[in-house]
file my_file.cif (mmCIF, C-alpha atoms and all ligand atoms)
data_query
#
loop_
_atom_site.group_PDB
_atom_site.id
_atom_site.type_symbol
_atom_site.label_atom_id
_atom_site.label_comp_id
_atom_site.auth_asym_id
_atom_site.auth_seq_id
_atom_site.Cartn_x
_atom_site.Cartn_y
_atom_site.Cartn_z
ATOM 1 C CA MET A 1 10.511 0.407 18.820
ATOM 2 C CA LYS A 2 9.507 -3.049 19.875
ATOM 3 C CA VAL A 3 7.377 -5.481 17.907
ATOM 4 C CA ARG A 4 6.033 -8.751 19.114
ATOM 5 C CA ALA A 5 7.313 -12.095 17.875
ATOM 6 C CA PRO A 6 5.001 -14.586 16.154
ATOM 7 C CA SER A 7 3.172 -16.645 18.764
ATOM 8 C CA THR A 8 0.575 -19.367 19.016
ATOM 9 C CA ASP A 9 -1.792 -16.987 20.877
ATOM 10 C CA GLY A 10 -3.351 -15.594 17.720
ATOM 11 C CA ARG A 11 -3.812 -16.784 14.144
ATOM 12 C CA TYR A 12 -0.274 -16.193 12.832
ATOM 13 C CA PHE A 13 0.535 -19.809 12.003
ATOM 14 C CA GLU A 14 -2.917 -20.507 10.583
ATOM 15 C CA VAL A 15 -2.625 -17.473 8.262
ATOM 16 C CA ARG A 16 0.871 -18.486 7.189
ATOM 17 C CA GLN A 17 -0.288 -22.005 6.366
ATOM 18 C CA LEU A 18 -3.255 -20.748 4.333
ATOM 19 C CA ILE A 19 -1.155 -18.265 2.338
ATOM 20 C CA HIS A 20 1.791 -20.554 1.708
ATOM 21 C CA GLY A 21 -0.492 -23.502 1.012
ATOM 22 C CA ALA A 22 -2.196 -21.502 -1.744
ATOM 23 C CA GLY A 23 1.140 -20.466 -3.262
ATOM 24 C CA LEU A 24 0.419 -16.760 -2.696
ATOM 25 C CA HIS A 25 2.734 -13.857 -1.915
ATOM 26 C CA THR A 26 2.197 -11.118 0.640
ATOM 27 C CA ILE A 27 3.848 -7.739 0.929
ATOM 28 C CA CYS A 28 4.039 -8.525 4.648
ATOM 29 C CA GLU A 29 6.759 -11.102 3.949
ATOM 30 C CA GLU A 30 8.246 -9.710 0.733
ATOM 31 C CA ALA A 31 8.896 -6.291 2.302
ATOM 32 C CA ARG A 32 9.870 -7.674 5.713
ATOM 33 C CA CYS A 33 7.143 -5.688 7.414
ATOM 34 C CA PRO A 34 7.737 -5.281 11.167
ATOM 35 C CA ASN A 35 4.005 -5.701 11.892
ATOM 36 C CA ILE A 36 3.682 -9.224 10.562
ATOM 37 C CA ALA A 37 3.235 -10.922 13.941
ATOM 38 C CA GLU A 38 0.524 -8.448 14.946
ATOM 39 C CA CYS A 39 -1.345 -8.407 11.620
ATOM 40 C CA TRP A 40 -1.204 -12.120 10.906
ATOM 41 C CA GLY A 41 -1.920 -12.777 14.584
ATOM 42 C CA ARG A 42 -5.222 -10.942 14.171
ATOM 43 C CA GLY A 43 -5.953 -12.909 11.006
ATOM 44 C CA THR A 44 -5.149 -10.217 8.403
ATOM 45 C CA ALA A 45 -2.531 -9.930 5.664
ATOM 46 C CA THR A 46 -1.927 -7.934 2.481
ATOM 47 C CA PHE A 47 -1.777 -10.027 -0.680
ATOM 48 C CA GLN A 48 0.827 -9.260 -3.328
ATOM 49 C CA ILE A 49 -0.236 -10.260 -6.833
ATOM 50 C CA LEU A 50 1.657 -10.494 -10.142
ATOM 51 C CA GLY A 51 4.580 -12.396 -8.688
ATOM 52 C CA ASP A 52 7.451 -11.669 -6.328
ATOM 53 C CA THR A 53 9.755 -9.747 -8.682
ATOM 54 C CA CYS A 54 9.398 -6.008 -9.293
ATOM 55 C CA THR A 55 10.539 -4.167 -12.417
ATOM 56 C CA ARG A 56 11.511 -1.126 -10.321
ATOM 57 C CA ALA A 57 14.165 -0.783 -7.651
ATOM 58 C CA CYS A 58 13.156 1.913 -5.158
ATOM 59 C CA ARG A 59 15.943 2.690 -2.706
ATOM 60 C CA TYR A 60 13.885 1.986 0.404
ATOM 61 C CA CYS A 61 12.027 -1.163 -0.687
ATOM 62 C CA TYR A 62 13.064 -4.743 0.071
ATOM 63 C CA VAL A 63 10.869 -6.383 -2.581
ATOM 64 C CA HIS A 64 13.016 -8.365 -5.017
ATOM 65 C CA SER A 65 13.851 -6.484 -8.212
ATOM 66 C CA GLY A 66 14.535 -8.080 -11.599
ATOM 67 C CA LYS A 67 12.850 -9.729 -14.568
ATOM 68 C CA PRO A 68 9.458 -11.133 -13.515
ATOM 69 C CA GLY A 69 7.990 -14.429 -14.628
ATOM 70 C CA PRO A 70 4.678 -14.976 -16.430
ATOM 71 C CA VAL A 71 1.409 -13.912 -14.832
ATOM 72 C CA ASP A 72 -0.463 -16.753 -13.118
ATOM 73 C CA PRO A 73 -4.062 -16.645 -14.433
ATOM 74 C CA LEU A 74 -5.338 -18.724 -11.516
ATOM 75 C CA GLU A 75 -3.886 -16.429 -8.860
ATOM 76 C CA PRO A 76 -7.078 -14.313 -8.503
ATOM 77 C CA LEU A 77 -9.185 -17.396 -7.745
ATOM 78 C CA ARG A 78 -6.698 -18.834 -5.238
ATOM 79 C CA LEU A 79 -6.388 -15.448 -3.557
ATOM 80 C CA ALA A 80 -10.158 -15.052 -3.258
ATOM 81 C CA GLN A 81 -10.558 -18.586 -1.896
ATOM 82 C CA THR A 82 -7.825 -17.895 0.663
ATOM 83 C CA ALA A 83 -9.365 -14.575 1.702
ATOM 84 C CA ALA A 84 -12.672 -16.389 2.227
ATOM 85 C CA ARG A 85 -10.993 -19.106 4.323
ATOM 86 C CA MET A 86 -9.288 -16.422 6.407
ATOM 87 C CA GLY A 87 -12.693 -14.825 7.008
ATOM 88 C CA LEU A 88 -11.493 -11.381 5.891
ATOM 89 C CA ASP A 89 -14.024 -8.552 5.890
ATOM 90 C CA HIS A 90 -11.645 -6.117 4.222
ATOM 91 C CA VAL A 91 -9.181 -7.514 1.694
ATOM 92 C CA VAL A 92 -6.090 -5.521 0.735
ATOM 93 C CA VAL A 93 -4.352 -6.369 -2.544
ATOM 94 C CA THR A 94 -1.135 -4.862 -3.818
ATOM 95 C CA SER A 95 1.432 -5.932 -6.415
ATOM 96 C CA VAL A 96 4.902 -5.535 -7.714
ATOM 97 C CA ASP A 97 5.376 -3.051 -10.566
ATOM 98 C CA ARG A 98 5.019 -4.812 -13.909
ATOM 99 C CA ASP A 99 6.427 -2.384 -16.487
ATOM 100 C CA ASP A 100 6.981 -5.448 -18.713
ATOM 101 C CA LEU A 101 3.227 -6.025 -19.222
ATOM 102 C CA PRO A 102 1.341 -4.002 -21.850
ATOM 103 C CA ASP A 103 -1.407 -3.118 -19.343
ATOM 104 C CA ARG A 104 1.036 -3.017 -16.365
ATOM 105 C CA GLY A 105 -1.094 -5.692 -14.679
ATOM 106 C CA ALA A 106 -4.374 -3.753 -14.611
ATOM 107 C CA ALA A 107 -6.509 -6.618 -15.971
ATOM 108 C CA HIS A 108 -5.086 -8.949 -13.317
ATOM 109 C CA TYR A 109 -6.108 -6.453 -10.636
ATOM 110 C CA ALA A 110 -9.620 -6.353 -12.103
ATOM 111 C CA SER A 111 -9.802 -10.183 -12.191
ATOM 112 C CA THR A 112 -8.705 -10.301 -8.561
ATOM 113 C CA ILE A 113 -11.349 -7.787 -7.460
ATOM 114 C CA ARG A 114 -14.047 -9.720 -9.338
ATOM 115 C CA ALA A 115 -12.929 -13.047 -7.840
ATOM 116 C CA LEU A 116 -13.089 -11.469 -4.387
ATOM 117 C CA ARG A 117 -16.600 -10.159 -5.051
ATOM 118 C CA ALA A 118 -17.655 -13.736 -5.869
ATOM 119 C CA LYS A 119 -15.933 -15.478 -2.962
ATOM 120 C CA VAL A 120 -16.153 -12.761 -0.281
ATOM 121 C CA PRO A 121 -19.472 -11.132 -1.222
ATOM 122 C CA HIS A 122 -19.881 -9.165 2.002
ATOM 123 C CA GLY A 123 -16.292 -7.941 2.121
ATOM 124 C CA THR A 124 -14.719 -4.710 0.955
ATOM 125 C CA VAL A 125 -11.726 -4.597 -1.365
ATOM 126 C CA GLU A 126 -8.775 -2.209 -1.257
ATOM 127 C CA VAL A 127 -6.212 -2.085 -4.054
ATOM 128 C CA LEU A 128 -2.797 -0.518 -3.602
ATOM 129 C CA THR A 129 -1.586 -0.148 -7.153
ATOM 130 C CA PRO A 130 1.602 0.815 -8.963
ATOM 131 C CA ASP A 131 1.623 3.932 -11.160
ATOM 132 C CA PHE A 132 0.676 2.065 -14.388
ATOM 133 C CA LEU A 133 3.324 4.124 -16.154
ATOM 134 C CA GLY A 134 2.380 5.098 -19.711
ATOM 135 C CA VAL A 135 -1.063 3.452 -19.693
ATOM 136 C CA GLU A 136 -2.554 5.242 -16.683
ATOM 137 C CA GLU A 137 -5.947 6.111 -18.151
ATOM 138 C CA HIS A 138 -6.622 2.659 -19.599
ATOM 139 C CA ALA A 139 -5.373 0.905 -16.481
ATOM 140 C CA LEU A 140 -7.456 3.073 -14.155
ATOM 141 C CA ARG A 141 -10.586 2.457 -16.217
ATOM 142 C CA THR A 142 -9.894 -1.300 -16.162
ATOM 143 C CA VAL A 143 -9.345 -1.456 -12.387
ATOM 144 C CA LEU A 144 -12.186 0.890 -11.469
ATOM 145 C CA ALA A 145 -14.654 -1.002 -13.688
ATOM 146 C CA ALA A 146 -14.303 -3.873 -11.186
ATOM 147 C CA HIS A 147 -15.407 -1.485 -8.394
ATOM 148 C CA PRO A 148 -12.834 -1.600 -5.602
ATOM 149 C CA ASP A 149 -13.960 0.129 -2.400
ATOM 150 C CA VAL A 150 -10.600 1.790 -1.775
ATOM 151 C CA PHE A 151 -8.081 2.909 -4.404
ATOM 152 C CA ASN A 152 -4.653 3.399 -2.875
ATOM 153 C CA HIS A 153 -1.515 4.635 -4.544
ATOM 154 C CA ASN A 154 1.398 5.561 -2.317
ATOM 155 C CA ILE A 155 3.176 8.815 -3.072
ATOM 156 C CA GLU A 156 5.898 7.445 -0.727
ATOM 157 C CA THR A 157 7.965 10.608 -0.211
ATOM 158 C CA VAL A 158 8.030 14.373 -0.638
ATOM 159 C CA ARG A 159 8.476 16.135 -3.960
ATOM 160 C CA ARG A 160 12.178 16.975 -3.461
ATOM 161 C CA LEU A 161 13.200 13.368 -2.752
ATOM 162 C CA HIS A 162 10.838 11.564 -5.061
ATOM 163 C CA ARG A 163 13.101 10.950 -8.018
ATOM 164 C CA ARG A 164 16.139 10.201 -5.864
ATOM 165 C CA MET A 165 14.283 7.544 -3.891
ATOM 166 C CA ARG A 166 12.047 6.095 -6.581
ATOM 167 C CA GLY A 167 14.142 6.373 -9.735
ATOM 168 C CA ALA A 168 13.710 8.261 -12.998
ATOM 169 C CA LYS A 169 10.533 6.448 -14.042
ATOM 170 C CA ALA A 170 8.516 7.529 -11.025
ATOM 171 C CA SER A 171 6.914 10.953 -10.837
ATOM 172 C CA TYR A 172 5.543 12.900 -7.865
ATOM 173 C CA ASP A 173 3.084 14.762 -10.068
ATOM 174 C CA GLY A 174 2.218 11.520 -11.858
ATOM 175 C CA ALA A 175 1.250 9.930 -8.528
ATOM 176 C CA LEU A 176 -0.985 12.896 -7.704
ATOM 177 C CA ALA A 177 -2.538 12.802 -11.175
ATOM 178 C CA LEU A 178 -3.309 9.076 -10.821
ATOM 179 C CA LEU A 179 -5.086 9.637 -7.507
ATOM 180 C CA ARG A 180 -6.996 12.639 -8.849
ATOM 181 C CA ARG A 181 -8.067 10.752 -11.965
ATOM 182 C CA ALA A 182 -9.191 7.724 -9.928
ATOM 183 C CA ARG A 183 -11.477 10.027 -7.978
ATOM 184 C CA GLU A 184 -12.841 11.536 -11.227
ATOM 185 C CA LEU A 185 -13.424 8.197 -12.971
ATOM 186 C CA ALA A 186 -15.078 6.345 -10.088
ATOM 187 C CA GLU A 187 -18.703 5.550 -10.823
ATOM 188 C CA ALA A 188 -19.342 3.802 -7.496
ATOM 189 C CA PRO A 189 -18.454 5.180 -4.033
ATOM 190 C CA LEU A 190 -14.684 5.108 -3.715
ATOM 191 C CA LEU A 191 -12.237 6.120 -1.020
ATOM 192 C CA THR A 192 -8.819 7.191 -2.260
ATOM 193 C CA LYS A 193 -5.750 6.754 -0.130
ATOM 194 C CA SER A 194 -2.009 7.345 -0.126
ATOM 195 C CA GLY A 195 0.992 6.756 2.101
ATOM 196 C CA ILE A 196 4.148 8.615 3.057
ATOM 197 C CA ILE A 197 7.349 7.098 4.453
ATOM 198 C CA VAL A 198 9.301 9.432 6.743
ATOM 199 C CA GLY A 199 12.938 9.357 7.770
ATOM 200 C CA LEU A 200 14.265 9.543 4.201
ATOM 201 C CA GLY A 201 15.639 13.090 4.475
ATOM 202 C CA GLU A 202 12.477 15.175 4.360
ATOM 203 C CA SER A 203 11.404 17.891 6.799
ATOM 204 C CA ASN A 204 8.095 17.962 8.644
ATOM 205 C CA ASP A 205 7.078 21.013 6.607
ATOM 206 C CA GLU A 206 7.665 19.044 3.402
ATOM 207 C CA ILE A 207 5.460 16.234 4.736
ATOM 208 C CA VAL A 208 2.686 18.744 5.405
ATOM 209 C CA ALA A 209 3.131 20.149 1.883
ATOM 210 C CA THR A 210 2.771 16.611 0.498
ATOM 211 C CA MET A 211 -0.377 16.066 2.542
ATOM 212 C CA ARG A 212 -1.723 19.343 1.139
ATOM 213 C CA ASP A 213 -0.991 18.115 -2.404
ATOM 214 C CA LEU A 214 -2.794 14.846 -1.659
ATOM 215 C CA ARG A 215 -5.833 16.659 -0.297
ATOM 216 C CA GLU A 216 -5.917 18.843 -3.396
ATOM 217 C CA ALA A 217 -5.980 15.609 -5.429
ATOM 218 C CA GLY A 218 -9.083 14.579 -3.445
ATOM 219 C CA VAL A 219 -7.395 11.901 -1.320
ATOM 220 C CA ASP A 220 -9.469 10.756 1.692
ATOM 221 C CA VAL A 221 -7.021 8.665 3.731
ATOM 222 C CA VAL A 222 -3.318 9.162 4.425
ATOM 223 C CA THR A 223 -0.832 6.993 6.289
ATOM 224 C CA ILE A 224 2.545 8.154 7.604
ATOM 225 C CA GLY A 225 5.159 5.745 8.971
ATOM 226 C CA GLN A 226 8.821 5.568 9.874
ATOM 227 C CA TYR A 227 11.287 4.210 7.290
ATOM 228 C CA LEU A 228 13.265 1.195 8.470
ATOM 229 C CA GLN A 229 16.339 0.300 6.439
ATOM 230 C CA PRO A 230 15.697 -3.285 5.307
ATOM 231 C CA SER A 231 19.313 -4.131 4.375
ATOM 232 C CA ALA A 232 22.770 -2.574 4.106
ATOM 233 C CA LYS A 233 22.160 -2.022 0.369
ATOM 234 C CA HIS A 234 19.168 0.235 0.959
ATOM 235 C CA THR A 235 19.157 3.938 1.685
ATOM 236 C CA ARG A 236 20.072 4.879 5.236
ATOM 237 C CA ILE A 237 17.633 6.158 7.828
ATOM 238 C CA ASP A 238 18.003 9.941 7.931
ATOM 239 C CA ARG A 239 16.161 10.457 11.217
ATOM 240 C CA TRP A 240 13.850 8.847 13.725
ATOM 241 C CA VAL A 241 10.602 10.769 13.844
ATOM 242 C CA HIS A 242 9.456 11.150 17.455
ATOM 243 C CA PRO A 243 5.956 9.959 18.404
ATOM 244 C CA ASP A 244 5.131 13.570 19.347
ATOM 245 C CA GLU A 245 6.007 14.620 15.776
ATOM 246 C CA PHE A 246 3.753 11.869 14.413
ATOM 247 C CA ALA A 247 0.956 13.213 16.636
ATOM 248 C CA TRP A 248 1.617 16.719 15.254
ATOM 249 C CA LEU A 249 1.565 15.401 11.686
ATOM 250 C CA ARG A 250 -1.727 13.645 12.366
ATOM 251 C CA GLU A 251 -3.213 16.914 13.631
ATOM 252 C CA GLN A 252 -1.971 18.718 10.532
ATOM 253 C CA GLY A 253 -3.534 16.066 8.298
ATOM 254 C CA GLU A 254 -6.842 16.215 10.153
ATOM 255 C CA ALA A 255 -6.836 20.008 9.834
ATOM 256 C CA LEU A 256 -6.362 19.604 6.080
ATOM 257 C CA GLY A 257 -9.573 17.575 5.967
ATOM 258 C CA PHE A 258 -8.542 13.929 5.517
ATOM 259 C CA GLY A 259 -11.219 11.493 6.624
ATOM 260 C CA SER A 260 -8.547 9.380 8.308
ATOM 261 C CA VAL A 261 -4.907 10.010 9.191
ATOM 262 C CA PHE A 262 -2.894 7.095 10.548
ATOM 263 C CA ALA A 263 0.555 8.292 11.642
ATOM 264 C CA GLY A 264 3.066 6.486 13.834
ATOM 265 C CA PRO A 265 6.428 4.757 13.796
ATOM 266 C CA LEU A 266 5.058 1.376 12.714
ATOM 267 C CA VAL A 267 2.201 2.591 10.548
ATOM 268 C CA ARG A 268 2.270 1.126 7.060
ATOM 269 C CA SER A 269 -0.081 1.687 4.170
ATOM 270 C CA SER A 270 -2.000 -1.486 4.940
ATOM 271 C CA TYR A 271 -1.648 -1.401 8.723
ATOM 272 C CA ARG A 272 -5.101 -1.940 10.218
ATOM 273 C CA ALA A 273 -6.513 -0.976 6.819
ATOM 274 C CA ASP A 274 -9.974 -2.095 7.913
ATOM 275 C CA GLU A 275 -9.932 0.481 10.706
ATOM 276 C CA GLN A 276 -8.562 3.203 8.403
ATOM 277 C CA ARG A 277 -11.391 2.568 5.974
ATOM 278 C CA ALA A 278 -14.025 2.506 8.691
ATOM 279 C CA ALA A 279 -12.758 5.810 10.150
ATOM 280 C CA ALA A 280 -12.724 7.487 6.740
ATOM 281 C CA SER A 281 -16.169 6.143 5.837
ATOM 282 C CA LEU A 282 -17.616 7.647 9.006
ATOM 283 C CA ALA A 283 -15.965 10.984 8.301
ATOM 284 C CA THR A 284 -16.895 11.298 4.620
HETATM 285 S S1 LIG B 301 1.150 -3.561 8.080
HETATM 286 FE FE1 LIG B 301 0.426 -4.334 6.087
HETATM 287 S S2 LIG B 301 2.259 -5.233 5.139
HETATM 288 FE FE2 LIG B 301 2.694 -4.984 7.314
HETATM 289 S S3 LIG B 301 2.153 -6.997 8.212
HETATM 290 FE FE3 LIG B 301 0.367 -5.632 8.406
HETATM 291 S S4 LIG B 301 -0.883 -6.110 6.600
HETATM 292 FE FE4 LIG B 301 1.173 -6.897 6.202
#
call {"tool": "encode", "arguments": {"input": "my_file.cif", "output": "C-alpha cells", "more": "lines below"}}
Ligand code: SF4
result
Amino acid sequence: MKVRAPSTDGRYFEVRQLIHGAGLHTICEEARCPNIAECWGRGTATFQILGDTCTRACRYCYVHSGKPGPVDPLEPLRLAQTAARMGLDHVVVTSVDRDDLPDRGAAHYASTIRALRAKVPHGTVEVLTPDFLGVEEHALRTVLAAHPDVFNHNIETVRRLHRRMRGAKASYDGALALLRRARELAEAPLLTKSGIIVGLGESNDEIVATMRDLREAGVDVVTIGQYLQPSAKHTRIDRWVHPDEFAWLREQGEALGFGSVFAGPLVRSSYRADEQRAAASLAT
C-alpha cells in the first residue's frame, strides 16, 4: 500500500491551520490515519470532540487512553465555525469514549450538531458515536433529537473477537442493539452506518456474518478496511486482505442489501464519507 505525502497541491496545510488554530482535535491525527494527506488535501477532515483522551483502550486503536479532562463547552461553536470556514458540505464528528461523564457525552454531541445546523445550514451531519454504555436509551434520544443525517457506530470486528479486541466493557450485541434502536427512534430521515476492521484474526465468512447482523439491525452503510498496527504495543496484523477479497466482500454486502458498501485496504469509517452518504441516499 502506498499513500501520498502531504503536499502544497491541495488544501492540506490550509485545513491543518484552520483545525489547529481553532484548538480542535481530529481522529485523522489522533488515530494516525493513513489517508490524512488525501482527505485534508481535498479539504475534508473528521472532527474528534470531547477531548483527546479516551476512557477505553481497544487493542487496535492509537487514540490516547487515560483520564480525560473537563468538557470544553465552547468546542461545538468553534467546530461549527471551522467547518463553515472549510466549506464542508458533509461534516463528520466523532469522539473519544467518555465513560466518566454521566451522559457519556451525548449532550455535547447534540450541542455540536445544533451548532453545525446554525453555521453550516446547507450541510449534512454525520456522527460516529461511542456505545454510550449504561445510558444508551437516554443518550440516543438526546443525540437524535438534534437530527443528525447519519448515525454511525462502528461494530469494529466480528463476534468472536469483539471482547478480546475491545475489552470487557464493549459488547457485540450491544453495538447491534444501539444501531437498531437508533433506526427505531429516528423521527427524521436517518441513515445508519457501521464499520469493520479486517486483519485482526477473523475469517471472510465471519465478516459476512457480521454484515448480515448489521443488515438485520437495519444498517444502511458499511465500511470495511484493513487494520494497520499503529505501534509495537498494539495487536499485530493477522493477515493482509487482498484487494480481490475486498471486492468479494463488497459484492457480499451489496447482495445483503446495504445502500453503500465501501471496502478496500485504506477504507476507514469516515473515508470519503460524503460519497458514502450520497451513494446510500440514492439507493435507499
Ligand atoms: S479517512 Fe477519515 S480519519 Fe482518515 S484522514 Fe480521512 S477523514 Fe480523517
call {"tool": "resolve_selection", "arguments": {"input": "my_file.cif", "expression": "the PyMOL selection byres (((chain A and resi 26) around 9) and not hetatm)", "output": "MDAnalysis selection string"}}
result
chainID A and resid 19 24:25 27:31 45:49 52 93:95
call {"tool": "closest_residue", "arguments": {"input": "my_file.cif", "among": "A:Asp173, A:Phe132, A:Lys119, A:Tyr227", "to": "Gly105 of chain A", "atoms": "all atoms listed in the file"}}
result
A:Phe132
call {"tool": "resolve_selection", "arguments": {"input": "my_file.cif", "expression": "the PyMOL selection byres (((chain A and resi 250) around 12) and not hetatm)", "output": "JSON, numbers by chain"}}
result
{"A": [204, 207, 208, 211, 221, 222, 223, 224, 225, 243, 244, 245, 246, 247, 248, 249, 251, 252, 253, 254, 255, 256, 257, 258, 259, 260, 261, 262, 263, 264, 267]}
call {"tool": "residues_near_ligand", "arguments": {"input": "my_file.cif", "ligand": "ligand LIG 301 (chain B)", "cutoff": "7 Å", "atoms": "all atoms listed in the file", "output": "list of chain:residue names"}}
result
A:Ile27, A:Cys28, A:Cys33, A:Pro34, A:Asn35, A:Ile36, A:Cys39, A:Trp40, A:Thr44, A:Ala45, A:Thr46, A:Val267, A:Arg268, A:Ser269, A:Ser270, A:Tyr271, A:Arg272
call {"tool": "residues_around", "arguments": {"input": "my_file.cif", "residues": "Ala273 of chain A", "least_positions_apart": "3", "cutoff": "9 Å", "atoms": "only C-alpha atoms", "output": "PyMOL selection string"}}
result
chain A and resi 90-92+126+269-270+276-278
call {"tool": "atom_distance", "arguments": {"input": "my_file.cif", "atom1": "atom CA of Glu202 of chain A", "atom2": "atom CA of Arg98 of chain A"}}
result
28.1 Å
call {"tool": "decode", "arguments": {"input": "my_file.cif", "residues": "segment 247-259 of chain A", "atoms": "N, CA, C and O atoms", "output": "tab-separated table (two decimals), in the first residue's frame"}}
result
chain	number	residue	atom	x	y	z
A	247	ALA	N	-13.06	-6.87	-2.88
A	247	ALA	CA	-14.10	-6.78	-3.93
A	247	ALA	C	-15.18	-7.83	-3.66
A	247	ALA	O	-16.38	-7.55	-3.82
A	248	TRP	N	-14.76	-9.03	-3.25
A	248	TRP	CA	-15.73	-10.10	-2.94
A	248	TRP	C	-16.60	-9.70	-1.75
A	248	TRP	O	-17.82	-9.89	-1.78
A	249	LEU	N	-15.97	-9.11	-0.74
A	249	LEU	CA	-16.74	-8.68	0.44
A	249	LEU	C	-17.75	-7.59	0.05
A	249	LEU	O	-18.88	-7.57	0.55
A	250	ARG	N	-17.31	-6.69	-0.83
A	250	ARG	CA	-18.25	-5.65	-1.27
A	250	ARG	C	-19.46	-6.27	-1.97
A	250	ARG	O	-20.61	-5.91	-1.72
A	251	GLU	N	-19.20	-7.25	-2.82
A	251	GLU	CA	-20.31	-7.93	-3.52
A	251	GLU	C	-21.25	-8.61	-2.51
A	251	GLU	O	-22.47	-8.56	-2.67
A	252	GLN	N	-20.66	-9.24	-1.51
A	252	GLN	CA	-21.48	-9.90	-0.49
A	252	GLN	C	-22.36	-8.88	0.23
A	252	GLN	O	-23.54	-9.12	0.48
A	253	GLY	N	-21.75	-7.74	0.57
A	253	GLY	CA	-22.51	-6.69	1.26
A	253	GLY	C	-23.63	-6.14	0.39
A	253	GLY	O	-24.75	-5.91	0.87
A	254	GLU	N	-23.33	-5.94	-0.88
A	254	GLU	CA	-24.36	-5.42	-1.79
A	254	GLU	C	-25.50	-6.43	-1.93
A	254	GLU	O	-26.67	-6.06	-1.96
A	255	ALA	N	-25.13	-7.71	-1.97
A	255	ALA	CA	-26.17	-8.75	-2.08
A	255	ALA	C	-27.05	-8.79	-0.82
A	255	ALA	O	-28.22	-9.17	-0.89
A	256	LEU	N	-26.48	-8.39	0.31
A	256	LEU	CA	-27.26	-8.37	1.55
A	256	LEU	C	-28.20	-7.17	1.61
A	256	LEU	O	-29.07	-7.10	2.48
A	257	GLY	N	-27.98	-6.19	0.72
A	257	GLY	CA	-28.93	-5.09	0.63
A	257	GLY	C	-28.46	-3.76	1.21
A	257	GLY	O	-29.28	-2.84	1.35
A	258	PHE	N	-27.19	-3.62	1.54
A	258	PHE	CA	-26.71	-2.31	2.01
A	258	PHE	C	-26.86	-1.29	0.88
A	258	PHE	O	-26.64	-1.61	-0.29
A	259	GLY	N	-27.17	-0.06	1.26
A	259	GLY	CA	-27.25	1.01	0.27
A	259	GLY	C	-25.88	1.40	-0.25
A	259	GLY	O	-25.73	1.87	-1.37
